[in-house]
>>> print(open('target.cif').read())   # mmCIF, C-alpha atoms
data_run
loop_
_atom_site.label_atom_id
_atom_site.label_comp_id
_atom_site.auth_asym_id
_atom_site.auth_seq_id
_atom_site.Cartn_x
_atom_site.Cartn_y
_atom_site.Cartn_z
CA MET A 195 17.75 44.49 9.14
CA ASN A 196 16.77 48.14 8.75
CA LEU A 197 13.54 49.21 7.09
CA TYR A 198 13.25 52.74 5.72
CA ARG A 199 12.14 55.00 2.88
CA PRO A 200 15.01 57.08 1.45
CA LYS A 201 14.56 60.81 1.13
CA PHE A 202 15.50 63.01 -1.81
CA ARG A 203 15.34 66.73 -2.43
CA ASP A 204 12.73 67.93 -4.86
CA ARG A 205 14.39 70.11 -7.51
CA LYS A 206 11.39 72.35 -7.89
CA THR A 207 10.49 72.99 -4.26
CA GLY A 208 13.79 72.16 -2.61
CA GLU A 209 12.01 70.11 0.06
CA LEU A 210 13.05 66.67 1.32
CA VAL A 211 10.57 64.07 0.09
CA GLU A 212 10.36 60.36 0.96
CA THR A 213 10.31 57.83 -1.86
CA PRO A 214 7.08 55.88 -2.28
CA ARG A 215 8.96 52.55 -2.06
CA TRP A 216 10.35 50.99 1.09
CA TYR A 217 13.86 49.62 1.26
CA CYS A 218 15.58 47.19 3.58
CA ASP A 219 19.28 46.82 4.22
CA PHE A 220 21.04 43.80 5.71
CA ARG A 221 24.39 42.07 5.87
CA ASP A 222 24.83 39.18 3.49
CA HIS A 223 26.65 35.88 4.10
CA LEU A 224 29.98 37.64 3.45
CA GLY A 225 29.29 40.37 5.99
CA ILE A 226 28.74 43.01 3.33
CA ARG A 227 25.89 45.46 3.84
CA GLN A 228 23.38 45.27 1.03
CA ARG A 229 20.29 47.29 0.18
CA PHE A 230 17.22 45.71 -1.36
CA ARG A 231 14.30 47.55 -2.90
CA GLY A 232 10.88 46.54 -1.66
CA SER A 233 7.34 47.66 -2.47
CA GLU A 234 5.20 50.61 -1.45
CA ASP A 235 3.67 48.48 1.30
CA GLU A 236 5.68 48.49 4.54
CA HIS A 237 4.41 45.07 5.68
CA GLU A 238 5.30 43.38 2.39
CA THR A 239 8.79 44.88 2.46
CA ARG A 240 9.29 43.73 6.04
CA GLU A 241 8.31 40.19 5.06
CA LEU A 242 10.69 40.42 2.11
CA GLY A 243 13.52 41.38 4.45
CA ARG A 244 12.77 38.50 6.82
CA HIS A 245 12.83 35.98 3.98
CA ILE A 246 16.12 37.40 2.72
CA GLU A 247 17.60 37.06 6.21
CA ASP A 248 16.49 33.39 6.24
CA LEU A 249 18.13 32.99 2.84
CA VAL A 250 21.36 34.51 4.18
CA ARG A 251 21.36 32.00 7.04
CA CYS A 252 20.96 29.17 4.52
CA ARG A 253 23.92 30.43 2.52
CA LYS A 254 26.04 30.68 5.66
CA ARG A 255 25.21 27.06 6.52
CA LYS A 256 25.63 26.05 2.86
CA VAL A 257 22.26 24.33 2.68
CA GLN A 258 19.57 24.64 0.05
CA PRO A 259 16.33 26.40 1.07
CA LYS A 260 13.40 24.06 1.73
CA ASP A 261 9.68 24.09 2.23
CA LYS A 262 8.21 27.60 2.80
CA LEU A 263 11.39 29.46 1.91
CA TRP A 264 11.76 27.47 -1.31
CA THR A 265 8.11 28.14 -2.18
CA TRP A 266 8.68 31.86 -1.62
CA LEU A 267 11.73 31.83 -3.91
CA MET A 268 9.83 30.10 -6.71
CA GLY A 269 7.03 32.69 -6.51
CA LEU A 270 9.22 35.80 -6.79
CA GLU A 271 9.25 38.10 -9.79
CA PRO A 272 12.04 37.40 -12.31
CA ASP A 273 13.82 40.70 -11.59
CA VAL A 274 13.90 39.91 -7.85
CA GLN A 275 15.25 36.43 -8.57
CA LYS A 276 18.00 37.94 -10.75
CA ARG A 277 18.90 40.35 -7.94
CA LEU A 278 19.24 37.45 -5.48
CA VAL A 279 21.43 35.56 -7.95
CA LYS A 280 23.61 38.64 -8.42
CA LEU A 281 24.06 38.91 -4.65
CA ASP A 282 25.04 35.20 -4.56
CA LEU A 283 22.10 34.46 -2.29
CA ALA A 284 20.57 32.07 -4.83
CA GLU A 285 21.72 29.94 -7.72
CA ARG A 286 20.64 30.61 -11.27
CA ARG A 287 19.80 26.96 -11.91
CA TRP A 288 17.06 27.15 -9.32
CA PHE A 289 15.01 29.45 -11.49
CA ASN A 290 15.94 28.66 -15.09
CA HIS A 291 15.42 24.91 -14.93
CA LEU A 292 15.30 22.32 -12.19
CA SER A 293 18.02 19.72 -12.17
CA GLN A 294 16.95 16.08 -12.33
CA ALA A 295 17.98 15.53 -8.71
CA ASP A 296 15.51 18.22 -7.56
CA ARG A 297 12.51 16.79 -9.37
CA LEU A 298 9.88 14.96 -7.33
CA SER A 299 9.87 12.17 -9.90
CA ALA A 300 13.53 11.51 -9.11
CA TRP A 301 12.65 11.20 -5.41
CA VAL A 302 9.94 8.67 -6.29
CA ASP A 303 12.49 6.67 -8.32
CA GLU A 304 14.86 6.75 -5.36
CA TYR A 305 12.04 5.60 -3.09
CA GLU A 306 11.36 2.71 -5.47
CA ASN A 307 15.00 1.66 -5.33
CA TRP A 308 14.87 1.79 -1.53
CA LEU A 309 11.74 -0.40 -1.45
CA ARG A 310 13.35 -3.00 -3.69
CA THR A 311 16.74 -3.16 -1.98
CA SER A 312 16.02 -2.58 1.72
CA ILE A 313 14.54 -5.20 4.03
CA THR A 314 11.69 -4.94 6.47
CA LYS A 315 12.09 -5.13 10.24
CA ARG A 316 11.38 -8.86 10.01
CA GLY A 317 14.30 -9.34 7.64
CA TYR A 318 12.45 -9.98 4.37
CA HIS A 319 12.33 -8.13 1.07
CA ARG A 320 9.03 -6.62 0.01
CA ASN A 321 7.10 -8.50 -2.67
CA GLU A 322 6.61 -7.13 -6.17
CA ASN A 323 2.83 -6.74 -5.83
CA TYR A 324 3.23 -4.44 -2.82
CA ILE A 325 5.92 -2.34 -4.50
CA GLY A 326 4.07 -2.08 -7.81
CA THR A 327 0.74 -1.16 -6.24
CA ASN A 328 2.10 1.54 -3.94
CA LEU A 329 4.40 3.12 -6.52
CA GLY A 330 1.56 3.19 -9.03
CA ARG A 331 -0.60 5.08 -6.54
CA ILE A 332 2.16 7.53 -5.63
CA ARG A 333 2.97 8.31 -9.27
CA SER A 334 -0.74 8.66 -10.02
CA ILE A 335 -1.07 11.39 -7.36
CA VAL A 336 2.15 13.15 -8.46
CA ASP A 337 1.09 13.22 -12.12
CA GLY A 338 -2.59 13.90 -11.45
CA CYS A 339 -1.83 16.88 -9.21
CA ASN A 340 1.01 18.14 -11.47
CA PHE A 341 3.52 18.07 -8.61
CA THR A 342 6.98 18.85 -10.00
CA THR A 343 8.89 19.62 -6.82
CA TRP A 344 8.40 19.01 -3.12
CA ALA A 345 7.25 22.61 -2.75
CA ASP A 346 4.31 21.93 -5.08
CA ILE A 347 2.74 19.33 -2.78
CA ARG A 348 -0.47 20.57 -1.19
CA LYS A 349 -2.83 18.64 1.03
CA GLY A 350 -5.86 20.23 -0.63
CA ALA A 351 -4.66 19.34 -4.13
CA VAL A 352 -4.34 15.67 -3.14
CA GLU A 353 -7.85 15.68 -1.65
CA ILE A 354 -9.33 17.27 -4.78
CA TYR A 355 -7.59 14.78 -7.07
CA LEU A 356 -8.65 11.72 -5.05
CA GLY A 357 -12.17 13.10 -4.73
CA GLY A 358 -12.49 12.99 -8.50
CA LEU A 359 -11.63 9.29 -8.74
CA SER A 360 -14.44 6.74 -8.90
CA LEU A 361 -12.91 4.20 -6.53
CA GLU A 362 -13.98 2.38 -3.39
CA LEU A 363 -13.16 3.89 -0.02
CA SER A 364 -10.67 1.15 0.77
CA THR A 365 -8.80 1.82 -2.48
CA LEU A 366 -8.77 5.59 -1.93
CA ASP A 367 -7.49 5.02 1.59
CA GLY A 368 -4.70 2.94 0.05
CA TYR A 369 -3.75 5.90 -2.16
CA ILE A 370 -3.60 8.19 0.88
CA GLY A 371 -1.56 5.70 2.91
CA ALA A 372 0.95 5.14 0.10
CA PHE A 373 1.50 8.87 -0.48
CA LYS A 374 1.77 9.71 3.23
CA THR A 375 4.32 6.91 3.66
CA PHE A 376 6.37 8.26 0.74
CA CYS A 377 6.35 11.79 2.17
CA MET A 378 7.43 10.55 5.60
CA TRP A 379 10.27 8.63 3.94
CA CYS A 380 11.43 11.90 2.35
CA VAL A 381 11.46 13.52 5.80
CA ARG A 382 13.39 10.61 7.34
CA GLU A 383 15.91 10.84 4.50
CA SER A 384 16.43 14.56 5.32
CA LYS A 385 15.12 15.62 1.94
CA ALA A 386 12.53 17.84 3.64
CA ASP A 387 11.85 19.25 7.07
CA PHE A 388 8.21 18.22 7.36
CA SER A 389 5.55 16.32 5.44
CA PRO A 390 3.01 18.58 3.69
CA VAL A 391 0.37 15.84 3.95
CA GLN A 392 0.93 14.90 7.58
CA PHE A 393 -2.57 16.19 8.39
CA LEU A 394 -4.19 14.39 5.46
CA ASP A 395 -6.74 12.16 7.17
CA ARG A 396 -7.13 8.48 6.36
CA LEU A 397 -10.60 7.41 5.27
CA VAL A 398 -12.89 5.55 7.65
CA LYS A 399 -13.88 2.31 5.96
CA SER A 400 -17.20 0.58 6.55
CA ASP A 401 -17.24 -2.25 9.08
CA LYS A 402 -19.75 -4.14 6.96
CA GLU A 403 -18.36 -7.43 5.69
CA LYS A 404 -18.21 -7.43 1.89
CA ARG A 405 -17.38 -11.10 1.30
CA GLN A 406 -19.73 -13.97 1.85
CA ALA A 407 -18.97 -17.37 3.33
CA LEU A 408 -20.27 -20.56 1.73
CA GLY A 409 -22.39 -23.09 3.52
CA PHE A 410 -21.81 -26.86 3.38
CA ASP A 411 -24.31 -27.46 0.56
CA GLU A 412 -22.92 -24.52 -1.42
CA VAL A 413 -19.38 -25.87 -1.12
CA CYS A 414 -20.54 -29.29 -2.32
CA ARG A 415 -22.28 -27.75 -5.34
CA LEU A 416 -19.19 -25.66 -6.16
CA LEU A 417 -16.92 -28.72 -5.97
CA ALA A 418 -19.27 -30.82 -8.09
CA VAL A 419 -19.53 -28.20 -10.84
CA ALA A 420 -15.79 -27.57 -10.85
CA VAL A 421 -14.65 -31.20 -11.01
CA ASN A 422 -17.07 -32.02 -13.83
CA GLY A 423 -16.46 -28.81 -15.75
CA PRO A 424 -14.04 -27.92 -18.55
CA LYS A 425 -10.64 -26.26 -18.11
CA VAL A 426 -10.88 -22.71 -16.77
CA GLU A 427 -7.88 -20.35 -16.42
CA LYS A 428 -5.49 -23.20 -17.37
CA LEU A 429 -6.79 -25.42 -14.55
CA SER A 430 -8.73 -28.62 -15.16
CA GLY A 431 -11.90 -29.34 -13.24
CA MET A 432 -10.14 -31.73 -10.85
CA GLU A 433 -7.38 -29.21 -10.15
CA ARG A 434 -9.86 -26.43 -9.40
CA ALA A 435 -11.91 -28.64 -7.07
CA VAL A 436 -8.82 -29.74 -5.13
CA LEU A 437 -7.69 -26.11 -5.00
CA TYR A 438 -11.02 -25.04 -3.48
CA ARG A 439 -10.90 -27.87 -0.95
CA VAL A 440 -7.32 -27.03 0.13
CA ALA A 441 -8.10 -23.31 0.29
CA ILE A 442 -11.05 -23.90 2.59
CA GLU A 443 -9.19 -26.17 5.02
CA THR A 444 -5.93 -24.19 5.17
CA GLY A 445 -7.21 -20.64 4.82
CA TYR A 446 -4.28 -19.85 2.53
CA ARG A 447 -4.55 -16.72 0.39
CA VAL A 448 -4.12 -16.69 -3.39
CA ASN A 449 -0.41 -15.82 -3.41
CA GLU A 450 0.26 -18.40 -0.72
CA LEU A 451 -1.56 -21.08 -2.72
CA ARG A 452 0.15 -20.06 -5.94
CA ASN A 453 3.61 -20.73 -4.47
CA LEU A 454 2.83 -24.07 -2.82
CA THR A 455 4.98 -26.96 -4.00
CA VAL A 456 4.53 -30.69 -3.58
CA SER A 457 7.24 -30.68 -0.92
CA CYS A 458 5.09 -28.35 1.23
CA PHE A 459 2.68 -31.23 1.87
CA ASP A 460 3.52 -33.52 4.81
CA ALA A 461 1.37 -36.66 4.62
CA LYS A 462 2.50 -38.03 7.99
CA LYS A 463 1.63 -34.89 9.94
CA ALA A 464 -1.30 -33.95 7.67
CA THR A 465 -0.04 -30.40 7.21
CA ILE A 466 0.71 -28.01 4.35
CA SER A 467 3.51 -25.52 5.02
CA GLN A 468 4.50 -22.29 3.31
CA GLN A 469 7.63 -20.16 3.51
CA ALA A 470 7.51 -16.76 5.16
CA LYS A 471 8.44 -14.85 1.99
CA PHE A 472 5.18 -15.94 0.34
CA CYS A 473 2.95 -15.26 3.37
CA LYS A 474 1.17 -11.98 3.98
CA ASP A 475 2.47 -11.61 7.55
CA ARG A 476 6.00 -12.70 6.51
CA ARG A 477 6.01 -15.59 8.96
CA ASP A 478 6.42 -19.29 8.24
CA ALA A 479 3.05 -21.03 8.15
CA THR A 480 2.21 -24.67 8.84
CA GLN A 481 -1.49 -25.30 8.36
CA PRO A 482 -3.09 -28.59 9.46
CA ILE A 483 -5.64 -30.27 7.21
CA THR A 484 -8.11 -33.04 7.96
CA LEU A 485 -6.79 -36.58 7.90
CA ALA A 486 -9.33 -37.40 5.19
CA LEU A 487 -7.98 -34.71 2.88
CA ALA A 488 -4.38 -35.70 3.64
CA SER A 489 -5.01 -39.33 2.64
CA ARG A 490 -6.64 -38.22 -0.62
CA LEU A 491 -3.78 -35.85 -1.48
CA VAL A 492 -1.27 -38.71 -1.20
CA ASP A 493 -2.86 -40.44 -4.21
CA TYR A 494 -3.55 -37.15 -6.01
CA LEU A 495 0.09 -36.01 -5.83
CA ALA A 496 1.62 -39.40 -6.58
CA GLY A 497 4.24 -39.21 -9.31
CA ARG A 498 4.80 -35.45 -9.14
CA ASP A 499 8.21 -33.86 -8.72
CA THR A 500 8.63 -33.27 -4.98
CA THR A 501 11.24 -30.51 -5.38
CA THR A 502 10.07 -28.12 -8.07
CA GLY A 503 6.53 -29.33 -8.84
CA ARG A 504 3.84 -26.75 -8.06
CA LEU A 505 0.76 -27.89 -6.23
CA PHE A 506 -1.45 -25.60 -8.37
CA ASN A 507 -0.60 -23.76 -11.60
CA LEU A 508 -2.56 -20.68 -10.59
CA THR A 509 -2.95 -17.63 -12.82
CA SER A 510 -3.82 -14.15 -11.64
CA GLN A 511 -7.50 -14.53 -12.61
CA THR A 512 -8.69 -16.50 -9.59
CA ALA A 513 -11.72 -14.23 -9.15
CA ARG A 514 -12.90 -14.94 -12.69
CA MET A 515 -12.28 -18.65 -12.17
CA ILE A 516 -14.39 -19.07 -9.04
CA LYS A 517 -17.16 -16.84 -10.41
CA THR A 518 -17.37 -19.03 -13.53
CA ASP A 519 -17.88 -22.11 -11.37
CA ALA A 520 -20.23 -20.29 -8.99
CA ILE A 521 -22.53 -19.23 -11.82
CA LYS A 522 -22.75 -22.81 -13.10
CA ALA A 523 -23.49 -23.99 -9.54
CA ASN A 524 -26.32 -21.40 -9.25
CA LEU A 525 -24.58 -19.68 -6.34
CA PRO A 526 -25.42 -15.99 -5.87
CA LEU A 527 -22.44 -13.76 -6.66
CA ILE A 528 -23.93 -11.19 -4.28
CA ASP A 529 -26.12 -12.35 -1.40
CA ASP A 530 -29.07 -10.60 0.24
CA GLU A 531 -26.77 -8.65 2.54
CA GLY A 532 -24.68 -7.32 -0.34
CA ARG A 533 -21.69 -9.60 0.30
CA GLU A 534 -19.76 -10.67 -2.80
CA LEU A 535 -18.56 -14.15 -3.68
CA VAL A 536 -14.82 -13.99 -4.43
CA PHE A 537 -11.92 -16.38 -4.02
CA HIS A 538 -11.22 -14.94 -0.55
CA SER A 539 -14.69 -16.21 0.41
CA LEU A 540 -13.10 -19.64 0.84
CA ARG A 541 -10.99 -18.23 3.69
CA HIS A 542 -14.12 -16.68 5.18
CA THR A 543 -15.76 -20.09 4.93
CA LEU A 544 -13.04 -21.65 7.07
CA ARG A 545 -13.43 -19.18 9.92
CA THR A 546 -17.22 -19.36 9.74
CA GLU A 547 -17.21 -23.15 10.02
CA LEU A 548 -14.76 -23.02 12.93
CA VAL A 549 -17.08 -20.63 14.75
CA LYS A 550 -20.04 -22.92 14.07
CA ALA A 551 -18.02 -25.82 15.50
CA ARG A 552 -17.62 -23.80 18.74
CA VAL A 553 -13.84 -23.59 18.46
CA THR A 554 -12.32 -21.08 20.88
CA GLU A 555 -11.22 -17.68 19.54
CA ALA A 556 -7.58 -18.35 20.46
CA VAL A 557 -7.51 -21.51 18.34
CA ILE A 558 -9.30 -19.78 15.46
CA ASP A 559 -6.78 -16.93 15.50
CA ARG A 560 -3.94 -19.44 15.38
CA ILE A 561 -5.45 -21.32 12.43
CA MET A 562 -6.35 -18.15 10.53
CA ARG A 563 -2.98 -16.59 11.43
CA HIS A 564 -4.71 -13.50 12.74
CA LYS A 565 -3.00 -11.37 15.33
CA PRO A 566 -5.23 -11.63 18.42
CA ALA A 567 -6.16 -8.50 20.30
CA GLY A 568 -5.04 -7.99 23.87
CA VAL A 569 -1.90 -8.96 25.72
CA GLY A 570 -3.55 -11.92 27.40
CA ARG A 571 -4.63 -13.62 24.19
CA ARG A 572 -1.36 -12.79 22.42
CA PHE A 573 1.20 -13.82 25.02
CA TYR A 574 -0.56 -15.82 27.73
CA THR A 575 -2.49 -18.32 25.64
CA HIS A 576 -0.52 -21.50 24.97
CA LEU A 577 -1.99 -23.96 22.49
CA THR A 578 -0.90 -27.47 21.64
CA ASP A 579 -0.85 -29.16 18.24
CA PHE A 580 -3.54 -31.53 19.50
CA GLU A 581 -5.94 -28.63 20.12
CA ILE A 582 -5.28 -27.24 16.64
CA ARG A 583 -5.73 -30.69 15.08
CA GLU A 584 -8.96 -31.26 17.00
CA ALA A 585 -10.36 -27.94 15.73
CA ILE A 586 -9.57 -28.78 12.10
CA GLU A 587 -11.19 -32.20 12.41
CA ARG A 588 -14.42 -30.44 13.42
CA LEU A 589 -14.77 -29.04 9.89
CA PRO A 590 -17.58 -30.52 7.76
CA GLU A 591 -16.73 -33.65 5.80
CA TYR A 592 -16.59 -32.11 2.35
CA PRO A 593 -16.71 -34.69 -0.47
CA TRP A 594 -13.54 -35.53 -2.36
CA PRO A 595 -13.69 -34.25 -5.98
CA GLY A 596 -12.87 -37.69 -7.38
CA GLU A 597 -16.00 -39.13 -5.75
CA LEU A 598 -18.12 -36.33 -7.19
CA MET A 599 -16.74 -37.10 -10.64
CA GLN A 600 -17.63 -40.77 -10.31
CA GLN A 601 -21.09 -39.91 -9.04
CA ALA A 602 -21.67 -37.66 -12.06
CA LYS A 603 -20.70 -40.48 -14.42
CA LYS A 604 -23.13 -42.88 -12.70
CA ASP A 605 -25.94 -40.32 -12.98
CA VAL A 606 -25.29 -39.96 -16.72
CA SER A 607 -25.27 -43.70 -17.30
#
>>> encode(input="target.cif", output="structure tokens")
Amino acid sequence: MNLYRPKFRDRKTGELVETPRWYCDFRDHLGIRQRFRGSEDEHETRELGRHIEDLVRCRKRKVQPKDKLWTWLMGLEPDVQKRLVKLDLAERRWFNHLSQADRLSAWVDEYENWLRTSITKRGYHRNENYIGTNLGRIRSIVDGCNFTTWADIRKGAVEIYLGGLSLELSTLDGYIGAFKTFCMWCVRESKADFSPVQFLDRLVKSDKEKRQALGFDEVCRLLAVAVNGPKVEKLSGMERAVLYRVAIETGYRVNELRNLTVSCFDAKKATISQQAKFCKDRRDATQPITLALASRLVDYLAGRDTTTGRLFNLTSQTARMIKTDAIKANLPLIDDEGRELVFHSLRHTLRTELVKARVTEAVIDRIMRHKPAGVGRRFYTHLTDFEIREAIERLPEYPWPGELMQQAKKDVS
């Protein structure tokens, strides 16, 4: 590339005078020498020439400009863009209108298709809740920041948009994680050379526990109110009380409980199993329950279809359900330490009671299906079914809902 200011002879004085504008000449992708008019600033014209040389290299390799070069092209004056099109260094469609394949929304749609059709490293398809939540967050950022193309994405714009949302830190961190994952997928798919949000920091969440665990008396009051109460969220009082009891002893999450069938219950072994596709960690789970609960469930489930019958007809409003019963049982929805009473509190109750029963951390991790920290605890701790069973039997002897119902009738009479 040559940078110069052409000279011309002044008709009045006859002297050679340099033009105020700088020019650069270069060889295009066909080897033809071209001259391009720059500005009156030498530095700006030099930068213009360097970008044009990069554009020539892209045309020689027959690839579309990306990232910084694409951003520079989109910011040029219309007359400069027309000049590049005339020299066959750019395509007219880049500037007049973007094709559907170049739109960021099309990339998000392609990412959605990939999430739905591909499998994870453990060989399972992603669940609909995960896909829907993450895609909703990605599209919210794209629309909220007015990102049309990949070149529009700016780290600062994402931070400003998320800063204006009134959400908890954990939720905002989920937005950041979803968008960073999408951008890295675009890089892995060779749609871009680098992620513009690779230096977007994740948020540091508070270590303070936000969910409370229930004590023995509180669990008894919750069970008594539920079993003697009316139908809530399509579940009768007896069904809700049994659900709470099973949730506490198994530690199963809402989605895992929702997909339990009668066939998952093994009366002989006193266990309740769940398939990997319904579990959060995508691993098959077999949770032991106390022998007392197992014997009660035999009578409770008698007569149900063992193949297709659901153990609980759960809706999505489990939080509203347990709060309704908690209010009637005079349980604080938020305790003195600011911890909230939610359905997941039943899982917290299980671990808390196991700790009170002086069960070892290795056994607790196995029951809670938590991944233990450290190589020693993960690979060199071997537990037997007897040790797991013994730990479960240390749980408090919670009353059976049917007995609470009978007791309530006696008190009334």
>>> residues_near_point(input="target.cif", point="(9.6, 17.1, -4.3)", cutoff="8 Å", atoms="only C-alpha atoms", output="MDAnalysis selection string")
chainID A and resid 296:299 301 341:347
>>> atom_distance(input="target.cif", atom1="CA of Gln469 (chain A)", atom2="CA of Pro566 (chain A)")
21.5 Å
>>> residues_around(input="target.cif", residues="Tyr217 (chain A)", least_positions_apart="5", cutoff="6 Å", atoms="all atoms listed in the file", output="list of chain:residue names")
A:Leu197, A:Tyr198, A:Arg199, A:Phe230, A:Arg231, A:Gly232
>>> atom_distance(input="target.cif", atom1="CA of Arg286 (chain A)", atom2="CA of Arg255 (chain A)")
18.7 Å
>>> residues_around(input="target.cif", residues="Ile483 (chain A)", least_positions_apart="5", cutoff="6 Å", atoms="only C-alpha atoms", output="JSON list (two decimals) with C-alpha atoms, in the frame of the given file")
[["chain", "number", "residue", "atom", "x", "y", "z"],
["A", 443, "GLU", "CA", -9.19, -26.17, 5.02],
["A", 464, "ALA", "CA", -1.30, -33.95, 7.67],
["A", 465, "THR", "CA", -0.04, -30.40, 7.21]]
>>> atom_distance(input="target.cif", atom1="CA of Tyr446 (chain A)", atom2="CA of Arg541 (chain A)")
7.0 Å
>>> residues_around(input="target.cif", residues="region 322-331 of chain A", least_positions_apart="3", cutoff="7 Å", atoms="only C-alpha atoms", output="list of chain:residue names")
A:Leu309, A:Ser334, A:Ile335, A:Tyr369, A:Ala372
>>> decode(input="target.cif", residues="region 436-454 of chain A", atoms="N, CA and C atoms", output="PDB file, in the first residue's frame")
ATOM      1  N   VAL A 436     -48.855 -36.773  52.238  1.00  0.00           N
ATOM      2  CA  VAL A 436     -47.968 -37.870  51.815  1.00  0.00           C
ATOM      3  C   VAL A 436     -46.835 -37.319  50.952  1.00  0.00           C
ATOM      4  N   LEU A 437     -47.163 -36.355  50.097  1.00  0.00           N
ATOM      5  CA  LEU A 437     -46.130 -35.725  49.261  1.00  0.00           C
ATOM      6  C   LEU A 437     -45.049 -35.086  50.117  1.00  0.00           C
ATOM      7  N   TYR A 438     -45.457 -34.325  51.159  1.00  0.00           N
ATOM      8  CA  TYR A 438     -44.473 -33.693  52.035  1.00  0.00           C
ATOM      9  C   TYR A 438     -43.614 -34.743  52.741  1.00  0.00           C
ATOM     10  N   ARG A 439     -44.244 -35.803  53.194  1.00  0.00           N
ATOM     11  CA  ARG A 439     -43.511 -36.856  53.917  1.00  0.00           C
ATOM     12  C   ARG A 439     -42.494 -37.530  52.995  1.00  0.00           C
ATOM     13  N   VAL A 440     -42.896 -37.846  51.752  1.00  0.00           N
ATOM     14  CA  VAL A 440     -41.979 -38.486  50.806  1.00  0.00           C
ATOM     15  C   VAL A 440     -40.861 -37.526  50.414  1.00  0.00           C
ATOM     16  N   ALA A 441     -41.194 -36.256  50.230  1.00  0.00           N
ATOM     17  CA  ALA A 441     -40.181 -35.271  49.847  1.00  0.00           C
ATOM     18  C   ALA A 441     -39.122 -35.125  50.922  1.00  0.00           C
ATOM     19  N   ILE A 442     -39.526 -35.153  52.171  1.00  0.00           N
ATOM     20  CA  ILE A 442     -38.565 -35.003  53.260  1.00  0.00           C
ATOM     21  C   ILE A 442     -37.639 -36.216  53.353  1.00  0.00           C
ATOM     22  N   GLU A 443     -38.178 -37.420  53.188  1.00  0.00           N
ATOM     23  CA  GLU A 443     -37.346 -38.608  53.385  1.00  0.00           C
ATOM     24  C   GLU A 443     -36.505 -38.968  52.161  1.00  0.00           C
ATOM     25  N   THR A 444     -36.914 -38.543  50.978  1.00  0.00           N
ATOM     26  CA  THR A 444     -36.130 -38.863  49.774  1.00  0.00           C
ATOM     27  C   THR A 444     -35.237 -37.711  49.336  1.00  0.00           C
ATOM     28  N   GLY A 445     -35.646 -36.481  49.645  1.00  0.00           N
ATOM     29  CA  GLY A 445     -34.887 -35.332  49.171  1.00  0.00           C
ATOM     30  C   GLY A 445     -35.116 -35.047  47.705  1.00  0.00           C
ATOM     31  N   TYR A 446     -36.130 -35.659  47.105  1.00  0.00           N
ATOM     32  CA  TYR A 446     -36.404 -35.437  45.686  1.00  0.00           C
ATOM     33  C   TYR A 446     -36.872 -33.995  45.450  1.00  0.00           C
ATOM     34  N   ARG A 447     -36.470 -33.452  44.309  1.00  0.00           N
ATOM     35  CA  ARG A 447     -36.895 -32.112  43.909  1.00  0.00           C
ATOM     36  C   ARG A 447     -38.271 -32.181  43.256  1.00  0.00           C
ATOM     37  N   VAL A 448     -38.840 -31.014  42.953  1.00  0.00           N
ATOM     38  CA  VAL A 448     -40.214 -30.947  42.457  1.00  0.00           C
ATOM     39  C   VAL A 448     -40.380 -31.744  41.169  1.00  0.00           C
ATOM     40  N   ASN A 449     -39.499 -31.529  40.205  1.00  0.00           N
ATOM     41  CA  ASN A 449     -39.634 -32.229  38.924  1.00  0.00           C
ATOM     42  C   ASN A 449     -39.452 -33.735  39.088  1.00  0.00           C
ATOM     43  N   GLU A 450     -38.594 -34.119  40.009  1.00  0.00           N
ATOM     44  CA  GLU A 450     -38.386 -35.541  40.263  1.00  0.00           C
ATOM     45  C   GLU A 450     -39.618 -36.164  40.915  1.00  0.00           C
ATOM     46  N   LEU A 451     -40.261 -35.426  41.821  1.00  0.00           N
ATOM     47  CA  LEU A 451     -41.481 -35.920  42.450  1.00  0.00           C
ATOM     48  C   LEU A 451     -42.640 -35.954  41.462  1.00  0.00           C
ATOM     49  N   ARG A 452     -42.684 -34.965  40.591  1.00  0.00           N
ATOM     50  CA  ARG A 452     -43.783 -34.873  39.631  1.00  0.00           C
ATOM     51  C   ARG A 452     -43.816 -36.077  38.693  1.00  0.00           C
ATOM     52  N   ASN A 453     -42.682 -36.646  38.376  1.00  0.00           N
ATOM     53  CA  ASN A 453     -42.600 -37.742  37.415  1.00  0.00           C
ATOM     54  C   ASN A 453     -42.471 -39.117  38.068  1.00  0.00           C
ATOM     55  N   LEU A 454     -42.702 -39.193  39.361  1.00  0.00           N
ATOM     56  CA  LEU A 454     -42.697 -40.493  40.037  1.00  0.00           C
ATOM     57  C   LEU A 454     -43.964 -41.263  39.687  1.00  0.00           C
TER      58      LEU A 454
END
